[in-house]
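J.: Next comes the structure file run-v8.cif, holding mmCIF, C-alpha atoms and all ligand atoms.
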```
data_target
loop_
_atom_site.label_atom_id
_atom_site.label_comp_id
_atom_site.auth_asym_id
_atom_site.auth_seq_id
_atom_site.Cartn_x
_atom_site.Cartn_y
_atom_site.Cartn_z
CA MET G 1024 4.34 -57.94 49.35
CA ALA G 1025 2.06 -60.57 50.90
CA ALA G 1026 -1.53 -60.86 49.65
CA ALA G 1027 -4.23 -59.07 51.63
CA THR G 1028 -5.86 -61.15 54.38
CA LEU G 1029 -9.22 -59.48 53.78
CA GLN G 1030 -10.35 -58.04 50.45
CA LEU G 1031 -13.57 -56.26 49.53
CA ARG G 1032 -14.37 -55.79 45.87
CA GLY G 1033 -17.33 -53.80 44.54
CA VAL G 1034 -19.46 -54.49 47.60
CA ARG G 1035 -23.01 -53.12 47.43
CA LYS G 1036 -25.79 -53.14 49.98
CA TYR G 1037 -29.36 -51.90 49.78
CA PHE G 1038 -31.82 -51.54 52.65
CA GLY G 1039 -35.09 -51.59 50.70
CA SER G 1040 -34.65 -48.75 48.26
CA VAL G 1041 -31.91 -47.07 50.32
CA SER G 1042 -28.46 -47.70 48.90
CA ALA G 1043 -26.15 -47.89 51.94
CA LEU G 1044 -23.05 -49.14 50.12
CA GLU G 1045 -22.37 -48.55 46.44
CA ASP G 1046 -18.82 -49.59 45.73
CA LEU G 1047 -16.58 -50.67 48.56
CA ARG G 1048 -13.01 -51.74 48.03
CA LEU G 1049 -10.59 -52.64 50.76
CA ASP G 1050 -7.36 -54.56 51.20
CA ALA G 1051 -6.40 -55.31 54.81
CA TYR G 1052 -3.13 -57.01 55.67
CA ALA G 1053 -1.94 -59.21 58.54
CA GLY G 1054 0.18 -57.32 61.05
CA GLU G 1055 -1.42 -54.01 60.11
CA VAL G 1056 -3.98 -51.66 61.60
CA HIS G 1057 -6.34 -50.40 58.90
CA ALA G 1058 -8.49 -47.43 59.90
CA ILE G 1059 -11.86 -46.73 58.27
CA VAL G 1060 -12.98 -43.11 58.44
CA GLY G 1061 -15.88 -41.12 56.99
CA ASP G 1062 -18.79 -38.95 57.99
CA ASN G 1063 -21.88 -40.19 59.84
CA GLY G 1064 -23.88 -42.41 57.53
CA ALA G 1065 -20.95 -43.06 55.17
CA GLY G 1066 -21.47 -46.81 55.55
CA LYS G 1067 -18.73 -47.78 57.99
CA SER G 1068 -20.87 -49.85 60.37
CA THR G 1069 -22.74 -51.44 57.47
CA MET G 1070 -19.37 -52.52 56.07
CA ILE G 1071 -18.38 -54.06 59.43
CA LYS G 1072 -21.73 -55.88 59.66
CA ILE G 1073 -21.36 -57.29 56.16
CA ILE G 1074 -17.89 -58.65 56.89
CA SER G 1075 -19.06 -60.12 60.21
CA GLY G 1076 -22.12 -61.93 58.82
CA ILE G 1077 -24.93 -59.73 60.26
CA HIS G 1078 -25.88 -58.39 56.81
CA ARG G 1079 -25.32 -59.97 53.42
CA ALA G 1080 -23.90 -57.99 50.52
CA ASP G 1081 -26.20 -57.64 47.50
CA GLU G 1082 -23.23 -57.57 45.15
CA GLY G 1083 -19.48 -57.85 45.25
CA GLN G 1084 -16.92 -60.06 46.90
CA ILE G 1085 -15.58 -60.44 50.42
CA LEU G 1086 -12.45 -62.56 50.38
CA VAL G 1087 -10.57 -63.95 53.38
CA ASP G 1088 -7.23 -65.37 52.28
CA GLY G 1089 -8.74 -65.56 48.82
CA ASP G 1090 -11.89 -67.49 49.91
CA ASP G 1091 -15.22 -65.83 49.19
CA LEU G 1092 -17.40 -65.22 52.25
CA ALA G 1093 -20.47 -64.65 50.06
CA ASN G 1094 -22.31 -67.59 51.59
CA VAL G 1095 -21.62 -66.73 55.20
CA LYS G 1096 -25.05 -66.39 56.79
CA SER G 1097 -24.30 -65.87 60.46
CA THR G 1098 -21.86 -64.25 62.83
CA ALA G 1099 -20.93 -67.70 64.16
CA GLU G 1100 -19.94 -68.76 60.65
CA ALA G 1101 -17.95 -65.58 60.11
CA GLN G 1102 -16.17 -66.22 63.40
CA GLY G 1103 -15.37 -69.72 62.19
CA ARG G 1104 -13.85 -68.17 59.07
CA GLY G 1105 -11.49 -66.06 61.15
CA ILE G 1106 -13.36 -62.91 62.13
CA ALA G 1107 -13.74 -61.35 65.59
CA VAL G 1108 -15.78 -58.19 65.95
CA VAL G 1109 -16.69 -55.39 68.35
CA TYR G 1110 -19.87 -53.63 67.17
CA GLN G 1111 -20.53 -49.93 67.63
CA ASP G 1112 -23.50 -50.74 69.86
CA LEU G 1113 -21.33 -53.37 71.62
CA ALA G 1114 -23.97 -56.11 71.69
CA LEU G 1115 -23.35 -57.10 75.31
CA VAL G 1116 -26.02 -58.78 77.44
CA GLU G 1117 -26.66 -56.50 80.43
CA CYS G 1118 -28.04 -59.12 82.81
CA LEU G 1119 -25.06 -61.44 82.30
CA ASP G 1120 -21.78 -60.91 84.10
CA ILE G 1121 -18.46 -59.84 82.58
CA ALA G 1122 -17.09 -63.39 82.32
CA HIS G 1123 -20.24 -64.70 80.62
CA ASN G 1124 -20.32 -61.82 78.14
CA MET G 1125 -16.70 -62.40 77.22
CA ALA G 1126 -17.40 -66.06 76.47
CA LEU G 1127 -20.62 -65.57 74.48
CA GLY G 1128 -20.58 -67.55 71.27
CA ASN G 1129 -17.85 -69.79 72.64
CA LEU G 1130 -18.87 -70.97 76.12
CA PRO G 1131 -16.59 -73.48 77.86
CA ARG G 1132 -18.49 -76.69 78.72
CA LYS G 1133 -17.95 -79.57 81.11
CA PHE G 1134 -18.69 -82.99 79.59
CA GLY G 1135 -19.77 -81.14 76.45
CA VAL G 1136 -22.98 -79.83 78.09
CA VAL G 1137 -22.73 -78.08 81.43
CA LEU G 1138 -21.42 -74.53 81.43
CA ASP G 1139 -17.96 -74.57 83.00
CA ARG G 1140 -18.32 -71.42 85.10
CA ARG G 1141 -14.99 -71.72 86.84
CA ARG G 1142 -13.07 -72.02 83.62
CA MET G 1143 -15.10 -69.21 82.07
CA GLU G 1144 -14.27 -66.90 84.99
CA ARG G 1145 -10.64 -67.95 85.10
CA GLU G 1146 -10.21 -67.32 81.37
CA ALA G 1147 -11.98 -63.96 81.51
CA ALA G 1148 -9.86 -62.82 84.46
CA GLN G 1149 -6.71 -63.92 82.62
CA VAL G 1150 -7.58 -62.05 79.41
CA LEU G 1151 -8.43 -58.91 81.38
CA LYS G 1152 -5.17 -59.22 83.31
CA ASP G 1153 -3.15 -59.72 80.12
CA LEU G 1154 -4.76 -56.58 78.68
CA ASN G 1155 -4.16 -54.67 81.90
CA VAL G 1156 -7.90 -53.99 82.19
CA ARG G 1157 -9.36 -53.27 85.62
CA VAL G 1158 -13.14 -53.64 85.68
CA GLY G 1159 -13.42 -55.30 89.09
CA ASN G 1160 -14.88 -58.76 89.64
CA VAL G 1161 -15.71 -60.79 86.51
CA ARG G 1162 -19.02 -61.73 88.20
CA THR G 1163 -20.24 -58.14 87.95
CA PRO G 1164 -23.26 -57.85 85.61
CA VAL G 1165 -22.37 -55.78 82.54
CA GLY G 1166 -25.47 -53.65 83.18
CA LEU G 1167 -23.70 -52.15 86.21
CA LEU G 1168 -20.62 -51.01 84.24
CA SER G 1169 -19.97 -47.56 82.83
CA GLY G 1170 -20.04 -47.00 79.06
CA GLY G 1171 -16.24 -46.99 78.94
CA GLN G 1172 -15.95 -50.19 80.97
CA ARG G 1173 -18.44 -51.94 78.68
CA GLN G 1174 -16.41 -50.86 75.71
CA VAL G 1175 -13.28 -52.42 77.19
CA VAL G 1176 -15.15 -55.67 78.01
CA ALA G 1177 -16.38 -55.86 74.40
CA ILE G 1178 -12.82 -55.38 73.14
CA ALA G 1179 -11.54 -58.01 75.58
CA ARG G 1180 -14.15 -60.44 74.24
CA ALA G 1181 -12.87 -59.93 70.68
CA VAL G 1182 -9.27 -60.39 71.83
CA ARG G 1183 -10.24 -63.62 73.62
CA MET G 1184 -11.63 -65.01 70.35
CA ASP G 1185 -8.07 -64.91 68.99
CA ARG G 1186 -9.02 -64.71 65.29
CA PRO G 1187 -6.73 -63.52 62.49
CA ILE G 1188 -9.08 -60.65 61.58
CA VAL G 1189 -10.32 -58.22 64.25
CA LEU G 1190 -13.00 -55.63 63.43
CA LEU G 1191 -13.51 -52.75 65.85
CA ASP G 1192 -16.34 -50.27 65.23
CA GLU G 1193 -15.64 -47.04 67.15
CA PRO G 1194 -13.83 -48.71 70.04
CA THR G 1195 -12.84 -45.40 71.69
CA ALA G 1196 -16.08 -43.44 71.18
CA ALA G 1197 -17.11 -43.40 74.86
CA LEU G 1198 -13.62 -43.32 76.34
CA GLY G 1199 -11.60 -40.73 78.21
CA VAL G 1200 -7.99 -39.87 77.41
CA GLN G 1201 -6.43 -42.59 79.53
CA GLU G 1202 -8.79 -45.34 78.38
CA THR G 1203 -8.28 -44.32 74.75
CA ALA G 1204 -4.53 -44.63 75.21
CA HIS G 1205 -5.12 -48.04 76.75
CA VAL G 1206 -7.18 -49.22 73.76
CA GLY G 1207 -4.32 -47.92 71.59
CA GLU G 1208 -1.96 -50.23 73.47
CA ILE G 1209 -4.32 -53.18 72.99
CA VAL G 1210 -4.52 -52.42 69.27
CA ASP G 1211 -0.73 -52.18 69.04
CA GLY G 1212 -0.51 -55.57 70.79
CA LEU G 1213 -2.93 -57.14 68.30
CA ARG G 1214 -0.83 -55.81 65.43
CA ALA G 1215 2.35 -57.21 67.02
CA SER G 1216 0.68 -60.64 67.22
CA GLY G 1217 0.10 -60.53 63.46
CA LYS G 1218 -3.65 -59.86 63.28
CA ALA G 1219 -5.27 -57.83 60.52
CA ILE G 1220 -7.09 -55.12 62.47
CA ILE G 1221 -9.83 -52.99 60.96
CA ILE G 1222 -10.85 -50.10 63.11
CA VAL G 1223 -13.63 -47.62 62.45
CA SER G 1224 -12.90 -44.28 64.10
CA HIS G 1225 -13.83 -40.61 63.98
CA ASP G 1226 -10.73 -39.85 66.04
CA LEU G 1227 -8.04 -38.79 63.57
CA ASP G 1228 -5.50 -38.43 66.41
CA PHE G 1229 -6.03 -42.10 67.19
CA VAL G 1230 -5.86 -43.01 63.48
CA PHE G 1231 -2.62 -41.11 62.93
CA SER G 1232 -0.98 -42.59 66.01
CA HIS G 1233 -2.07 -46.23 65.66
CA ALA G 1234 -3.02 -47.08 62.06
CA ASP G 1235 -0.77 -48.17 59.21
CA ARG G 1236 -3.35 -47.44 56.49
CA VAL G 1237 -6.49 -45.41 56.33
CA THR G 1238 -9.44 -45.93 53.97
CA VAL G 1239 -11.98 -43.13 53.55
CA LEU G 1240 -15.66 -43.90 52.86
CA ARG G 1241 -18.09 -41.31 51.55
CA LEU G 1242 -21.75 -41.96 50.73
CA GLY G 1243 -21.21 -45.72 50.64
CA ARG G 1244 -18.11 -45.66 48.44
CA THR G 1245 -14.42 -46.12 49.03
CA VAL G 1246 -12.87 -42.74 48.23
CA GLY G 1247 -9.34 -44.07 48.58
CA THR G 1248 -6.72 -45.66 50.81
CA ARG G 1249 -3.50 -44.05 52.05
CA ARG G 1250 -0.54 -45.19 54.06
CA VAL G 1251 -0.75 -43.14 57.22
CA SER G 1252 3.00 -42.42 57.07
CA GLU G 1253 2.50 -40.79 53.65
CA ALA G 1254 -0.82 -38.99 54.28
CA THR G 1255 -1.61 -35.66 55.89
CA ARG G 1256 -4.63 -34.84 57.97
CA GLU G 1257 -5.65 -32.20 55.42
CA GLU G 1258 -5.69 -34.83 52.70
CA VAL G 1259 -7.76 -37.28 54.77
CA VAL G 1260 -10.21 -34.55 55.82
CA GLY G 1261 -10.52 -33.47 52.16
CA MET G 1262 -11.32 -37.06 51.19
CA ILE G 1263 -13.94 -37.31 53.96
CA THR G 1264 -15.72 -34.08 53.04
CA GLY G 1265 -15.51 -34.51 49.28
CA ALA G 1266 -13.18 -31.54 48.75
CA LEU G 1267 -10.86 -34.07 47.09
CA PRO G 1268 -12.10 -36.43 44.35
CA ALA G 1269 -12.24 -40.20 44.81
CA ASP G 1270 -9.28 -42.19 43.46
CA HIS G 1271 -11.50 -44.16 41.09
CA GLU G 1272 -13.97 -41.38 40.22
CA GLY G 1273 -15.93 -42.22 37.07
CA GLU G 1274 -14.55 -45.74 36.86
CA VAL G 1275 -17.00 -48.61 36.52
CA ALA G 1276 -16.64 -50.93 39.52
N1 LIG M 1301 -30.67 -51.67 59.11
C1 LIG M 1301 -30.78 -50.59 58.32
N2 LIG M 1301 -31.91 -50.31 57.65
C2 LIG M 1301 -32.01 -49.25 56.84
N3 LIG M 1301 -31.02 -48.37 56.60
C3 LIG M 1301 -29.86 -48.58 57.24
C4 LIG M 1301 -29.67 -49.69 58.14
N4 LIG M 1301 -28.40 -49.65 58.62
C5 LIG M 1301 -27.84 -48.56 58.05
N5 LIG M 1301 -28.70 -47.92 57.23
C6 LIG M 1301 -28.41 -46.73 56.42
O1 LIG M 1301 -27.18 -46.96 55.74
C7 LIG M 1301 -26.38 -45.80 55.73
C8 LIG M 1301 -25.03 -46.09 56.35
O2 LIG M 1301 -25.18 -46.31 57.76
P1 LIG M 1301 -23.99 -46.77 58.69
O3 LIG M 1301 -24.56 -47.07 60.02
O4 LIG M 1301 -23.22 -47.84 58.01
O5 LIG M 1301 -23.10 -45.42 58.75
P2 LIG M 1301 -21.77 -45.14 59.59
O6 LIG M 1301 -20.73 -44.70 58.61
O7 LIG M 1301 -21.45 -46.27 60.48
O8 LIG M 1301 -22.22 -43.84 60.46
P3 LIG M 1301 -21.80 -43.40 61.96
O9 LIG M 1301 -20.49 -42.68 61.81
O10 LIG M 1301 -22.89 -42.46 62.35
O11 LIG M 1301 -21.72 -44.59 62.82
C9 LIG M 1301 -27.18 -44.72 56.46
O12 LIG M 1301 -27.83 -43.95 55.48
C10 LIG M 1301 -28.17 -45.50 57.29
O13 LIG M 1301 -29.33 -44.79 57.50
MG MG M 1302 -21.34 -46.48 62.51
#
```
Kindly transcribe the structure held in the file into structure tokens.

T.:
Amino acid sequence: MAAATLQLRGVRKYFGSVSALEDLRLDAYAGEVHAIVGDNGAGKSTMIKIISGIHRADEGQILVDGDDLANVKSTAEAQGRGIAVVYQDLALVECLDIAHNMALGNLPRKFGVVLDRRRMEREAAQVLKDLNVRVGNVRTPVGLLSGGQRQVVAIARAVRMDRPIVLLDEPTAALGVQETAHVGEIVDGLRASGKAIIIVSHDLDFVFSHADRVTVLRLGRTVGTRRVSEATREEVVGMITGALPADHEGEVA
């Protein structure tokens, strides 16, 4: 089988004296949806932020196609190395419109300097159309959108980046049934286009219908990874709560 696109090995992260991550392992593959589950505070968002360049790991390796990301110091650099991300808190700018938010970090310019508004709006409208997203006019400030609409705009921004690795932290948390199904379709489309998708979710229904693999985190450690087709909900819930032991319990990382 092909090598993993993204690999985490023994990743640790401290915030002062608080140990947020103790031993993370992960192998994510192109053309697969890899779900990350675990209780509140398990370290899921911290993991996403380390991969995307917001935080730096204190120990361990983050490899993209075998290249270590250890020296990546910014989100822009991580993006350059192939990573698009939707954060749990979305990180949209409320006073800017939909089109501008979708282009942040990669604004189209005329003559290399002036913001090319027309192109920005055209591209945003096209991406939203391709994704079948209806949020009205792309000139609407994001601050006027509902929580669910913002979530979809943040996802559309990550899709627009067109990177081989897409990280989604709780993309369906604020969504109703129909919108959740819609995000499921977007995720399926990303998989079909060969991306490696890593999706943090508390929604096991979503995980069991859209993911290929699921990795469970508990107290900052990887408990284990299962193929969704071979796992049961009971097993995954047992791994989340600690009723089942970790795969590498007692092993030195
Ligand atoms: N910037 C920070 N400073 C200090 N501690 C932090 C920081 N970010 C996270 N933590 C701590 O790290 C641990 C993991 O937090 P994290 O946000 O990664 O959890 P999570 O699995 O995403 O939880 P949730 O399901 O609630 O989103 C928690 O104990 C949290 O308090
Ligand atoms: Mg989180």

J.: May I ask which of the residues G:Ser1224, G:Ala1204, G:Arg1157, G:Ala1051 is the closest one to ligand MG 1302 (chain M), counting only C-alpha atoms and all ligand atoms?

T.: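 Of all the options, G:Ser1224 lies closest to ligand MG 1302 (chain M).
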
J.: Give me the residues within 6 Å of Gly1217 in chain G as a ChimeraX atom specification, counting all atoms listed in the file and dropping any in the same chain fewer than 3 places off.

T.: /G:1053-1054,1214

J.: For ligand LIG 1301 (chain M), collect every residue having any atom at a distance of at most 10 Å from a ligand atom (counting all atoms listed in the file); output as a count of residues only.

T.: 37

J.: Can you tell me how far CA of Glu1208 in chain G sits from CA of Leu1049 in chain G, in Å to one decimal?

T.: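 These two atoms are separated by 24.4 Å.
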
J.: I'd like the interatomic distance between CA of Ile1222 in chain G and CA of His1123 in chain G, to a tenth of an Å.

T.: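 One can read the CA of Ile1222 in chain G to CA of His1123 in chain G distance as 24.7 Å.
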
J.: Between CA of Arg1032 in chain G and CA of His1271 in chain G, what distance in Å does the model show, to one decimal?

T.: 12.9 Å

J.: Show me, as number ranges by chain, the residues that have an atom within 6 Å of Arg1250 in chain G when counting only C-alpha atoms, minus same-chain residues fewer than 3 positions from it.

T.: G: 1235-1236, 1253

J.: Taking into account only C-alpha atoms, which residue in the set G:Leu1267, G:Met1262, G:Ala1197, G:Ile1085 is nearest to Ala1101 in chain G?

T.: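 Among the listed residues, G:Ile1085 lies closest to Ala1101 in chain G.
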
J.: Give the answer as one residue: which of G:Val1158, G:Ile1121, G:Ala1080, G:Leu1191 has the shortest atom-to-atom distance to ligand MG 1302 (chain M), using all atoms listed in the file?

T.: G:Leu1191

J.: Which polymer residues have any atom within 10 Å of an atom of Arg1141 in chain G, counting all atoms listed in the file, with same-chain residues fewer than 4 positions away left out, as number ranges by chain?

T.: G: 1122, 1131, 1145-1147

J.: Need the shell around Glu1117 in chain G: protein/DNA/RNA residues with any atom at most 8 Å away, counting only C-alpha atoms. Skip same-chain ones fewer than 3 positions apart. Format as a list in words?

T.: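 Listed by chain and then number, they are Asp1120, Pro1164, Val1165, Gly1166 and Leu1167 of chain G.
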
J.: Taking all atoms listed in the file into account, which of G:Ser1216, G:Asn1094, G:Thr1245, G:Ser1232 comes nearest Arg1186 in chain G?

T.: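 With all atoms listed in the file as the atom set, the closest residue is G:Ser1216.
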
J.: Show me, as a PyMOL selection string, the residues that have an atom within 9 Å of Phe1231 in chain G when counting only C-alpha atoms, minus same-chain residues fewer than 3 positions from it.

T.: chain G and resi 1226-1228+1234-1235+1237+1251-1252+1255-1256

J.: Taking into account all atoms listed in the file, which residue in the set G:Ala1266, G:Val1056, G:Ala1196, G:Val1260 is nearest to ligand MG 1302 (chain M)?

T.: G:Ala1196

J.: Pick out the closest residue to ligand MG 1302 (chain M) from this set: G:Ala1126, G:Ala1026, G:Val1095, G:Val1109. Count all atoms listed in the file.

T.: G:Val1109

J.: What would range 1225-1237 of chain G look like with N, CA and C atoms restored, written as a compact mmCIF listing (two decimals), in the frame of the given file?

T.:
```txt
# COMPACT_ATOMS: atom_id res chain seq x y z
N HIS G 1225 -13.72 -42.03 64.36
CA HIS G 1225 -13.83 -40.61 63.98
C HIS G 1225 -12.64 -39.84 64.52
N ASP G 1226 -11.80 -40.52 65.31
CA ASP G 1226 -10.73 -39.85 66.04
C ASP G 1226 -9.45 -39.88 65.20
N LEU G 1227 -9.20 -38.80 64.47
CA LEU G 1227 -8.04 -38.79 63.57
C LEU G 1227 -6.72 -38.82 64.34
N ASP G 1228 -6.72 -38.31 65.59
CA ASP G 1228 -5.50 -38.43 66.41
C ASP G 1228 -5.17 -39.90 66.61
N PHE G 1229 -6.21 -40.67 66.96
CA PHE G 1229 -6.03 -42.10 67.19
C PHE G 1229 -5.55 -42.77 65.89
N VAL G 1230 -6.20 -42.42 64.78
CA VAL G 1230 -5.86 -43.01 63.48
C VAL G 1230 -4.40 -42.72 63.14
N PHE G 1231 -3.99 -41.46 63.30
CA PHE G 1231 -2.62 -41.11 62.93
C PHE G 1231 -1.59 -41.67 63.89
N SER G 1232 -2.00 -41.98 65.14
CA SER G 1232 -0.98 -42.59 66.01
C SER G 1232 -0.97 -44.11 65.97
N HIS G 1233 -2.06 -44.77 65.55
CA HIS G 1233 -2.07 -46.23 65.66
C HIS G 1233 -2.27 -46.99 64.36
N ALA G 1234 -2.72 -46.32 63.28
CA ALA G 1234 -3.02 -47.08 62.06
C ALA G 1234 -1.84 -47.06 61.09
N ASP G 1235 -1.76 -48.11 60.28
CA ASP G 1235 -0.77 -48.17 59.21
C ASP G 1235 -1.36 -47.63 57.91
N ARG G 1236 -2.65 -47.94 57.69
CA ARG G 1236 -3.35 -47.44 56.49
C ARG G 1236 -4.68 -46.86 56.90
N VAL G 1237 -5.17 -45.97 56.07
CA VAL G 1237 -6.49 -45.41 56.33
C VAL G 1237 -7.29 -45.43 55.03
```
